[in-house]
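Worksheet: one structure, shown below.
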Amino acid sequence: MDYVKPNEVLSSMIEAGKTKAELSIMQLIVRGGLGGAILACATTLAYTAAAQTQLPMIGALLFPVGFVMIILLGFELVTGSFALIPLAVLEKKTNSARMLNNFFWVIIGHLIGCAVYAALYGLTITKMGTDMSNPMIQTLISTSEAKTTAYKSMGADGMGLAFIKAILCNWMVTLGAVLAMTSKSTAGKITAMWLPILTFFAQGFEHTVVNMFVIPAGMMLGANVSFADWWIWNGIPVLLGNLVGGVLFTGLLIYLAQNGFRASRSVPAATVPSGHGEGAIAKTATLDKSL
């Protein structure tokens, strides 16, 4: 059996967070750049499939390929790290400065990777800027506007809506990162990851890294969206919502669920029979660690 039990998954989450926090700045930028570009490529795949079939669900079924590639290759996705590194900080395996260092440089990497892919993809669908008839052009323009100026037209409600959709999104995305740890086989990891990523994309929730591609790509192609529209009405609220969704809904709640379970199963030192000495205490301690 290649299934990994939940209490073991929690340990893997903490160790993964520690490892991510210790990466160098160059590693964070390169891995973040690759992660952003691959997720952007998966986004255009999903949009293309939806347009060709007229079935948006087909695009959602295909989108997780990008997330799978990122996780299996060990690249960085800041939204996944939102659930992992805070647990390492909580367990004192790393510190807040290293956590914020990871978040900052990975986001820089995402912006670079998404911008490069957006430029290359834009040149591709416009045939080097000579043909604006490809339907994907209008898809990116309309999506870019729907994720920014549409929220702007709603005022505070729009900003709140983007924030809530971002929380729901990253609850699912971080579950994908965690579910990858529930199996020791590649096939098992892929299957487990696919489920929550399909769930978030099919429902149109807000993912900050996807938006780092979609919104600038739409702007490059002529969307009526300014830099301020991007960051005020999408970039900042979605990033914060993704953070809350990852830290609270996945990281902390899984931590509390598993810690509570382990605490109830532990053997208190007071139950050690008298007269058995240090050997019995050592055995009890070993049993505690194994549960």
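We label chains A, B, ... in the order they appear in the structure tokens, count residues from 1 in each chain, and number ligands from 1 in the order shown.
Contact shell of Asn101 (chain A) at 12 Å (only C-alpha atoms; same-chain neighbours under 2 positions omitted): Lys20, Ala21, Glu22, Leu23, Ser24, Ile25, Met26, Gln27, Leu28, Ile29, Val78, Ser81, Ile85, Thr94, Asn95, Ser96, Ala97, Arg98, Met99, Phe103, Phe104, Trp105, Val106, Ile107 and Ile108 of chain A.
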Identify which of the residues A:Ile58, A:Ala146, A:Leu72, A:Ala42 lies closest to Gly188 (chain A), counting only C-alpha atoms when measuring atom-to-atom distances.
-> A:Leu72
Taking into account only C-alpha atoms, which residue in the set A:Val214, A:Ala16, A:Leu87, A:Ile38 is nearest to Gly122 (chain A)?
-> A:Val214
Those of region 36-238 of chain A in DSSP helix (DSSP H, G or I), formatted as a ChimeraX atom specification = /A:36-53,56-62,64-73,78-90,96-125,135-146,149-152,156-182,186-202,208-220,227-238
Would you kindly return, as a PDB file with N, CA and C atoms, in the first residue's frame, each protein, DNA or RNA residue with an atom no farther than 7 Å from any atom of Gly113 (chain A), considering only C-alpha atoms and excluding same-chain residues fewer than 5 positions away?
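The resulting around-v9.pdb:
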ATOM      1  N   GLY A  33       9.742  31.227 -11.003  1.00  0.00           N
ATOM      2  CA  GLY A  33       9.547  31.570 -12.403  1.00  0.00           C
ATOM      3  C   GLY A  33       9.020  30.399 -13.215  1.00  0.00           C
ATOM      4  N   LEU A  34       9.615  29.241 -13.006  1.00  0.00           N
ATOM      5  CA  LEU A  34       9.153  28.040 -13.711  1.00  0.00           C
ATOM      6  C   LEU A  34       7.737  27.666 -13.286  1.00  0.00           C
ATOM      7  N   GLY A  36       5.377  29.692 -12.204  1.00  0.00           N
ATOM      8  CA  GLY A  36       4.437  30.633 -12.790  1.00  0.00           C
ATOM      9  C   GLY A  36       4.212  30.376 -14.268  1.00  0.00           C
ATOM     10  N   ALA A  37       5.293  30.131 -15.009  1.00  0.00           N
ATOM     11  CA  ALA A  37       5.176  29.906 -16.446  1.00  0.00           C
ATOM     12  C   ALA A  37       4.397  28.627 -16.759  1.00  0.00           C
TER      13      ALA A  37
END
Near Cys169 (chain A), within 10 Å and counting only C-alpha atoms, which residues show up once chain neighbours fewer than 6 positions away are dropped, as an MDAnalysis selection string?
-> chainID A and resid 79 163 196:197 199:201 203:208 238 241:242 245:246
Residue selection dump (N, CA and C atoms) as a JSON list (two decimals), in the first residue's frame:
[["chain", "number", "residue", "atom", "x", "y", "z"],
["A", 79, "THR", "N", 1.26, 29.93, -3.40],
["A", 79, "THR", "CA", -0.02, 29.62, -2.78],
["A", 79, "THR", "C", 0.01, 28.30, -2.02],
["A", 163, "PHE", "N", -11.79, 38.74, -2.49],
["A", 163, "PHE", "CA", -11.13, 38.19, -1.31],
["A", 163, "PHE", "C", -11.72, 36.84, -0.93],
["A", 196, "PRO", "N", -8.72, 18.47, -5.94],
["A", 196, "PRO", "CA", -9.03, 19.83, -5.49],
["A", 196, "PRO", "C", -8.71, 20.91, -6.52],
["A", 197, "ILE", "N", -7.72, 20.66, -7.40],
["A", 197, "ILE", "CA", -7.37, 21.68, -8.40],
["A", 197, "ILE", "C", -8.50, 21.80, -9.43],
["A", 199, "THR", "N", -11.54, 21.19, -8.75],
["A", 199, "THR", "CA", -12.65, 21.80, -8.00],
["A", 199, "THR", "C", -12.56, 23.32, -8.00],
["A", 200, "PHE", "N", -11.36, 23.86, -7.76],
["A", 200, "PHE", "CA", -11.24, 25.33, -7.71],
["A", 200, "PHE", "C", -11.40, 25.96, -9.09],
["A", 201, "PHE", "N", -10.79, 25.36, -10.11],
["A", 201, "PHE", "CA", -10.80, 25.99, -11.43],
["A", 201, "PHE", "C", -12.19, 25.95, -12.06],
["A", 203, "GLN", "N", -14.97, 26.22, -10.68],
["A", 203, "GLN", "CA", -15.93, 27.13, -10.05],
["A", 203, "GLN", "C", -15.54, 28.61, -10.17],
["A", 204, "GLY", "N", -14.45, 28.88, -10.88],
["A", 204, "GLY", "CA", -14.08, 30.26, -11.14],
["A", 204, "GLY", "C", -13.57, 31.03, -9.95],
["A", 205, "PHE", "N", -12.93, 30.34, -9.01],
["A", 205, "PHE", "CA", -12.34, 31.03, -7.86],
["A", 205, "PHE", "C", -11.09, 31.79, -8.30],
["A", 206, "GLU", "N", -10.55, 32.61, -7.41],
["A", 206, "GLU", "CA", -9.45, 33.51, -7.76],
["A", 206, "GLU", "C", -8.10, 33.01, -7.24],
["A", 207, "HIS", "N", -7.17, 32.79, -8.16],
["A", 207, "HIS", "CA", -5.84, 32.31, -7.82],
["A", 207, "HIS", "C", -4.82, 33.36, -8.25],
["A", 208, "THR", "N", -4.03, 33.83, -7.31],
["A", 208, "THR", "CA", -3.15, 34.96, -7.58],
["A", 208, "THR", "C", -2.12, 34.68, -8.68],
["A", 238, "VAL", "N", -6.72, 39.37, -3.69],
["A", 238, "VAL", "CA", -6.62, 37.94, -4.00],
["A", 238, "VAL", "C", -5.41, 37.32, -3.32],
["A", 241, "GLY", "N", -6.40, 36.93, 0.26],
["A", 241, "GLY", "CA", -7.37, 35.85, 0.40],
["A", 241, "GLY", "C", -6.74, 34.49, 0.25],
["A", 242, "ASN", "N", -5.84, 34.35, -0.71],
["A", 242, "ASN", "CA", -5.10, 33.10, -0.88],
["A", 242, "ASN", "C", -4.29, 32.77, 0.37],
["A", 245, "GLY", "N", -6.75, 31.58, 3.08],
["A", 245, "GLY", "CA", -7.24, 30.25, 2.75],
["A", 245, "GLY", "C", -6.21, 29.17, 3.01],
["A", 246, "GLY", "N", -4.95, 29.44, 2.64],
["A", 246, "GLY", "CA", -3.90, 28.45, 2.84],
["A", 246, "GLY", "C", -3.51, 28.26, 4.29]]
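Considering the residues A:Asn234, A:Ser226, A:Ser12, A:Thr139 and counting only C-alpha atoms, Lys165 (chain A) has its shortest atom-to-atom contact with A:Asn234.
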